[in-house]
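Working notes for the structure below.
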Amino acid sequence: MGKGLTKRERAFCYYYVSTGNALESARLSGFGKKTVEKCAEILGKETVSSELERLFEKKKKYLRKIASIGYERLAFGGISDCLRLICSENLESLNLENMDLFCVSEIKKSKDGAMEIKFFDRIKALEKLENINLECGINPVYKALEQSLKLNCESLPPGNKIYGT
């Protein structure tokens, strides 16, 4: 984990993984005015490229988890705060900062005062969640149940049969 790197090189790696911009990363990590030359030198080091590879892999796993959590919120999140917003006569009385409007994709208020709230598609969120789980090697629940049933049926003594398998 960052062995053989100077403090600035380690900082460069963290900035580079966050920004994707070598010049900005060199500047932010304190390499001074000769950043263009320094970038080529830094990126050419084996220790730096190994650290970048490790950090990018870590980031990829982390982002997949964040996306998964977000899709779960979209698919299963409540809408009670949205209903409170629609039914409210006085928006100033609401504490909007503390309302959970994560599942809202769009809010429109017409000239006559009518409010329209559009939600993210829950089915699409479930599909995306399933895709993430499949990429991670996690089978959907129904697949796991199906596999379990097949294994249980295979272990039955001859002559016993479960229909539908």
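To be explicit about the labels: the chains of the structure tokens are called A, B, and onward in the order shown, and within each one the residues are counted from 1, while ligands get numbers from 1 in the order they are shown.
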Within 12 Å of stretch 98-117 of chain A: each stretch 3-94 of chain A residue with its shortest pair, only C-alpha atoms, as a tab-separated table:
```
residue	atom	partner	partner_atom	distance
A:Ile69	CA	A:Phe102	CA	11.8
A:Gly70	CA	A:Phe102	CA	8.8
A:Tyr71	CA	A:Cys103	CA	9.5
A:Glu72	CA	A:Cys103	CA	10.3
A:Arg73	CA	A:Cys103	CA	7.3
A:Leu74	CA	A:Cys103	CA	5.2
A:Ala75	CA	A:Cys103	CA	8.3
A:Phe76	CA	A:Cys103	CA	9.2
A:Gly77	CA	A:Cys103	CA	6.8
A:Gly78	CA	A:Cys103	CA	8.0
A:Ile79	CA	A:Cys103	CA	7.6
A:Ser80	CA	A:Asp100	CA	8.5
A:Asp81	CA	A:Met99	CA	5.8
A:Cys82	CA	A:Leu101	CA	6.4
A:Leu83	CA	A:Ile117	CA	9.4
A:Arg84	CA	A:Met99	CA	9.3
A:Leu85	CA	A:Met99	CA	8.9
A:Ile86	CA	A:Met115	CA	6.5
A:Cys87	CA	A:Met115	CA	9.3
A:Ser88	CA	A:Met115	CA	10.3
A:Glu89	CA	A:Gly113	CA	9.9
A:Asn90	CA	A:Gly113	CA	11.2
A:Leu91	CA	A:Met115	CA	11.4
A:Leu94	CA	A:Met99	CA	8.6
```
Check your understanding: Within 12 Å of A:Lys45, counting only C-alpha atoms, which residues qualify if same-chain residues fewer than 6 places away don't, as a VMD selection string?
Key -> chain A and resid 4 to 6 9 13 38 to 39 51 to 52
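Remark: for A:Glu41, the closest of the candidate residues A:Ile123, A:Leu28, A:Leu23, A:Leu55 is A:Leu23 (distances computed over only C-alpha atoms).
Using only C-alpha atoms for every distance, the candidate list A:Lys128, A:Lys59, A:Lys3, A:Lys118 yields A:Lys59 as the residue closest to A:Tyr16.
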Exercise for review: Once DSSP has gone over the backbone, tell me which residues of stretch 4-137 of chain A are in strand (DSSP E), as a PyMOL selection string.
Suggested key: chain A and resi 104-109+115-119
Helix (DSSP H, G or I) residues, from DSSP on the backbone, in stretch 20-102 of chain A, as an mmCIF file with N, CA and C atoms, in the first residue's frame:
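Output file selection.cif follows:
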```cif
data_model
loop_
_atom_site.group_PDB
_atom_site.id
_atom_site.type_symbol
_atom_site.label_atom_id
_atom_site.label_comp_id
_atom_site.auth_asym_id
_atom_site.auth_seq_id
_atom_site.Cartn_x
_atom_site.Cartn_y
_atom_site.Cartn_z
ATOM 1 N N ALA A 22 -3.625 14.407 -14.754
ATOM 2 C CA ALA A 22 -2.263 14.334 -14.224
ATOM 3 C C ALA A 22 -1.711 15.710 -13.874
ATOM 4 N N LEU A 23 -1.952 16.709 -14.720
ATOM 5 C CA LEU A 23 -1.437 18.056 -14.444
ATOM 6 C C LEU A 23 -2.034 18.636 -13.164
ATOM 7 N N GLU A 24 -3.331 18.516 -13.041
ATOM 8 C CA GLU A 24 -3.994 19.018 -11.840
ATOM 9 C C GLU A 24 -3.525 18.255 -10.605
ATOM 10 N N SER A 25 -3.350 16.956 -10.746
ATOM 11 C CA SER A 25 -2.903 16.131 -9.625
ATOM 12 C C SER A 25 -1.501 16.519 -9.182
ATOM 13 N N ALA A 26 -0.611 16.778 -10.145
ATOM 14 C CA ALA A 26 0.758 17.195 -9.810
ATOM 15 C C ALA A 26 0.735 18.546 -9.113
ATOM 16 N N ARG A 27 -0.069 19.465 -9.624
ATOM 17 C CA ARG A 27 -0.164 20.797 -9.010
ATOM 18 C C ARG A 27 -0.726 20.697 -7.592
ATOM 19 N N LEU A 28 -1.813 19.952 -7.424
ATOM 20 C CA LEU A 28 -2.450 19.819 -6.112
ATOM 21 C C LEU A 28 -1.557 19.121 -5.084
ATOM 22 N N THR A 35 5.230 21.067 -13.778
ATOM 23 C CA THR A 35 4.313 19.925 -13.637
ATOM 24 C C THR A 35 4.270 19.037 -14.875
ATOM 25 N N VAL A 36 4.405 19.605 -16.073
ATOM 26 C CA VAL A 36 4.314 18.785 -17.281
ATOM 27 C C VAL A 36 5.428 17.746 -17.301
ATOM 28 N N GLU A 37 6.645 18.195 -17.055
ATOM 29 C CA GLU A 37 7.775 17.262 -17.028
ATOM 30 C C GLU A 37 7.645 16.293 -15.856
ATOM 31 N N LYS A 38 7.193 16.827 -14.753
ATOM 32 C CA LYS A 38 7.079 16.002 -13.542
ATOM 33 C C LYS A 38 6.014 14.910 -13.730
ATOM 34 N N CYS A 39 4.917 15.225 -14.437
ATOM 35 C CA CYS A 39 3.853 14.240 -14.665
ATOM 36 C C CYS A 39 4.384 13.019 -15.398
ATOM 37 N N ALA A 40 5.128 13.266 -16.465
ATOM 38 C CA ALA A 40 5.678 12.147 -17.239
ATOM 39 C C ALA A 40 6.606 11.312 -16.378
ATOM 40 N N GLU A 41 7.401 11.995 -15.569
ATOM 41 C CA GLU A 41 8.345 11.293 -14.685
ATOM 42 C C GLU A 41 7.598 10.476 -13.634
ATOM 43 N N ILE A 42 6.586 11.083 -13.024
ATOM 44 C CA ILE A 42 5.828 10.402 -11.965
ATOM 45 C C ILE A 42 5.080 9.193 -12.527
ATOM 46 N N LEU A 43 4.373 9.407 -13.634
ATOM 47 C CA LEU A 43 3.578 8.320 -14.213
ATOM 48 C C LEU A 43 4.441 7.184 -14.750
ATOM 49 N N GLY A 44 5.712 7.477 -15.041
ATOM 50 C CA GLY A 44 6.623 6.455 -15.542
ATOM 51 C C GLY A 44 7.190 5.550 -14.460
ATOM 52 N N GLU A 46 7.362 2.768 -11.695
ATOM 53 C CA GLU A 46 6.671 1.500 -11.458
ATOM 54 C C GLU A 46 5.876 1.538 -10.146
ATOM 55 N N THR A 47 6.449 2.149 -9.115
ATOM 56 C CA THR A 47 5.750 2.212 -7.816
ATOM 57 C C THR A 47 4.472 3.032 -7.927
ATOM 58 N N VAL A 48 4.520 4.111 -8.706
ATOM 59 C CA VAL A 48 3.340 4.965 -8.882
ATOM 60 C C VAL A 48 2.277 4.224 -9.686
ATOM 61 N N SER A 49 2.671 3.579 -10.781
ATOM 62 C CA SER A 49 1.673 2.868 -11.596
ATOM 63 C C SER A 49 1.041 1.720 -10.813
ATOM 64 N N SER A 50 1.821 1.059 -9.971
ATOM 65 C CA SER A 50 1.261 -0.016 -9.133
ATOM 66 C C SER A 50 0.258 0.547 -8.132
ATOM 67 N N GLU A 51 0.607 1.676 -7.539
ATOM 68 C CA GLU A 51 -0.295 2.311 -6.568
ATOM 69 C C GLU A 51 -1.567 2.797 -7.258
ATOM 70 N N LEU A 52 -1.429 3.372 -8.446
ATOM 71 C CA LEU A 52 -2.608 3.829 -9.191
ATOM 72 C C LEU A 52 -3.522 2.651 -9.534
ATOM 73 N N GLU A 53 -2.934 1.561 -9.946
ATOM 74 C CA GLU A 53 -3.719 0.365 -10.262
ATOM 75 C C GLU A 53 -4.497 -0.108 -9.034
ATOM 76 N N ARG A 54 -3.832 -0.141 -7.899
ATOM 77 C CA ARG A 54 -4.470 -0.566 -6.652
ATOM 78 C C ARG A 54 -5.614 0.379 -6.274
ATOM 79 N N LEU A 55 -5.368 1.683 -6.381
ATOM 80 C CA LEU A 55 -6.381 2.668 -6.002
ATOM 81 C C LEU A 55 -7.573 2.661 -6.963
ATOM 82 N N PHE A 56 -7.304 2.500 -8.259
ATOM 83 C CA PHE A 56 -8.404 2.438 -9.222
ATOM 84 C C PHE A 56 -9.273 1.206 -8.977
ATOM 85 N N GLU A 57 -8.652 0.098 -8.649
ATOM 86 C CA GLU A 57 -9.412 -1.128 -8.356
ATOM 87 C C GLU A 57 -10.271 -0.929 -7.111
ATOM 88 N N LYS A 58 -9.695 -0.299 -6.103
ATOM 89 C CA LYS A 58 -10.427 -0.017 -4.867
ATOM 90 C C LYS A 58 -11.602 0.926 -5.151
ATOM 91 N N LYS A 59 -11.347 1.937 -5.982
ATOM 92 C CA LYS A 59 -12.396 2.896 -6.330
ATOM 93 C C LYS A 59 -13.518 2.206 -7.093
ATOM 94 N N LYS A 60 -13.173 1.305 -8.001
ATOM 95 C CA LYS A 60 -14.169 0.591 -8.789
ATOM 96 C C LYS A 60 -15.106 -0.208 -7.880
ATOM 97 N N LYS A 61 -14.541 -0.898 -6.902
ATOM 98 C CA LYS A 61 -15.361 -1.668 -5.964
ATOM 99 C C LYS A 61 -16.244 -0.740 -5.139
ATOM 100 N N TYR A 62 -15.683 0.369 -4.697
ATOM 101 C CA TYR A 62 -16.403 1.330 -3.872
ATOM 102 C C TYR A 62 -17.552 1.963 -4.661
ATOM 103 N N LEU A 63 -17.297 2.360 -5.903
ATOM 104 C CA LEU A 63 -18.334 2.983 -6.721
ATOM 105 C C LEU A 63 -19.471 2.015 -7.022
ATOM 106 N N ARG A 64 -19.148 0.752 -7.221
ATOM 107 C CA ARG A 64 -20.183 -0.251 -7.463
ATOM 108 C C ARG A 64 -21.089 -0.371 -6.231
ATOM 109 N N LYS A 65 -20.497 -0.305 -5.050
ATOM 110 C CA LYS A 65 -21.293 -0.377 -3.819
ATOM 111 C C LYS A 65 -22.181 0.854 -3.676
ATOM 112 N N ILE A 66 -21.632 2.025 -3.979
ATOM 113 C CA ILE A 66 -22.419 3.253 -3.896
ATOM 114 C C ILE A 66 -23.581 3.213 -4.885
ATOM 115 N N ALA A 67 -23.295 2.775 -6.118
ATOM 116 C CA ALA A 67 -24.349 2.669 -7.129
ATOM 117 C C ALA A 67 -25.421 1.692 -6.678
ATOM 118 N N SER A 68 -25.008 0.587 -6.114
ATOM 119 C CA SER A 68 -25.945 -0.416 -5.639
ATOM 120 C C SER A 68 -26.858 0.159 -4.548
ATOM 121 N N ILE A 69 -26.277 0.895 -3.622
ATOM 122 C CA ILE A 69 -27.065 1.515 -2.551
ATOM 123 C C ILE A 69 -28.048 2.526 -3.136
ATOM 124 N N GLY A 70 -27.584 3.303 -4.118
ATOM 125 C CA GLY A 70 -28.455 4.287 -4.754
ATOM 126 C C GLY A 70 -29.625 3.637 -5.477
ATOM 127 N N TYR A 71 -29.342 2.581 -6.224
ATOM 128 C CA TYR A 71 -30.425 1.879 -6.925
ATOM 129 C C TYR A 71 -31.396 1.231 -5.944
ATOM 130 N N GLU A 72 -30.902 0.745 -4.811
ATOM 131 C CA GLU A 72 -31.796 0.195 -3.789
ATOM 132 C C GLU A 72 -32.717 1.275 -3.251
ATOM 133 N N ARG A 73 -32.159 2.462 -3.014
ATOM 134 C CA ARG A 73 -32.995 3.575 -2.523
ATOM 135 C C ARG A 73 -34.049 3.950 -3.553
ATOM 136 N N LEU A 74 -33.667 3.962 -4.842
ATOM 137 C CA LEU A 74 -34.636 4.296 -5.888
ATOM 138 C C LEU A 74 -35.717 3.237 -5.995
ATOM 139 N N ALA A 75 -35.327 1.978 -5.906
ATOM 140 C CA ALA A 75 -36.274 0.876 -6.081
ATOM 141 C C ALA A 75 -37.204 0.706 -4.883
ATOM 142 N N PHE A 76 -36.692 0.905 -3.686
ATOM 143 C CA PHE A 76 -37.464 0.582 -2.488
ATOM 144 C C PHE A 76 -37.768 1.780 -1.585
ATOM 145 N N SER A 80 -43.203 9.297 1.195
ATOM 146 C CA SER A 80 -44.013 10.079 2.127
ATOM 147 C C SER A 80 -43.625 11.558 2.136
ATOM 148 N N ASP A 81 -42.337 11.871 2.028
ATOM 149 C CA ASP A 81 -41.933 13.278 1.981
ATOM 150 C C ASP A 81 -42.422 13.946 0.701
ATOM 151 N N CYS A 82 -42.469 13.189 -0.393
ATOM 152 C CA CYS A 82 -42.985 13.732 -1.663
ATOM 153 C C CYS A 82 -44.470 14.061 -1.520
ATOM 154 N N LEU A 83 -45.202 13.178 -0.874
ATOM 155 C CA LEU A 83 -46.626 13.423 -0.647
ATOM 156 C C LEU A 83 -46.823 14.634 0.260
ATOM 157 N N ARG A 84 -45.998 14.758 1.279
ATOM 158 C CA ARG A 84 -46.060 15.910 2.170
ATOM 159 C C ARG A 84 -45.810 17.196 1.382
ATOM 160 N N LEU A 85 -44.886 17.145 0.446
ATOM 161 C CA LEU A 85 -44.565 18.294 -0.383
ATOM 162 C C LEU A 85 -45.736 18.673 -1.286
ATOM 163 N N ILE A 86 -46.350 17.687 -1.915
ATOM 164 C CA ILE A 86 -47.483 17.954 -2.811
ATOM 165 C C ILE A 86 -48.678 18.504 -2.044
ATOM 166 N N CYS A 87 -48.946 17.942 -0.885
ATOM 167 C CA CYS A 87 -50.141 18.309 -0.123
ATOM 168 C C CYS A 87 -49.982 19.586 0.692
ATOM 169 N N LEU A 91 -45.104 26.077 1.365
ATOM 170 C CA LEU A 91 -43.782 25.447 1.230
ATOM 171 C C LEU A 91 -42.782 25.981 2.253
ATOM 172 N N GLU A 92 -42.956 27.232 2.676
ATOM 173 C CA GLU A 92 -42.031 27.815 3.647
ATOM 174 C C GLU A 92 -42.097 27.097 4.993
ATOM 175 N N SER A 93 -43.236 26.490 5.304
ATOM 176 C CA SER A 93 -43.382 25.797 6.593
ATOM 177 C C SER A 93 -42.668 24.443 6.601
ATOM 178 N N LEU A 96 -37.394 21.652 3.941
ATOM 179 C CA LEU A 96 -37.026 20.965 2.704
ATOM 180 C C LEU A 96 -35.662 20.297 2.782
ATOM 181 N N GLU A 97 -34.734 20.877 3.532
ATOM 182 C CA GLU A 97 -33.393 20.291 3.636
ATOM 183 C C GLU A 97 -33.411 18.915 4.264
ATOM 184 N N ASN A 98 -34.380 18.651 5.107
ATOM 185 C CA ASN A 98 -34.446 17.359 5.800
ATOM 186 C C ASN A 98 -35.415 16.374 5.156
#
```
Check your understanding: Which distance in Å separates atom CA of A:Phe31 and atom CA of A:Ala11, to one decimal?
Key ->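 These atoms are spaced 10.3 Å apart.
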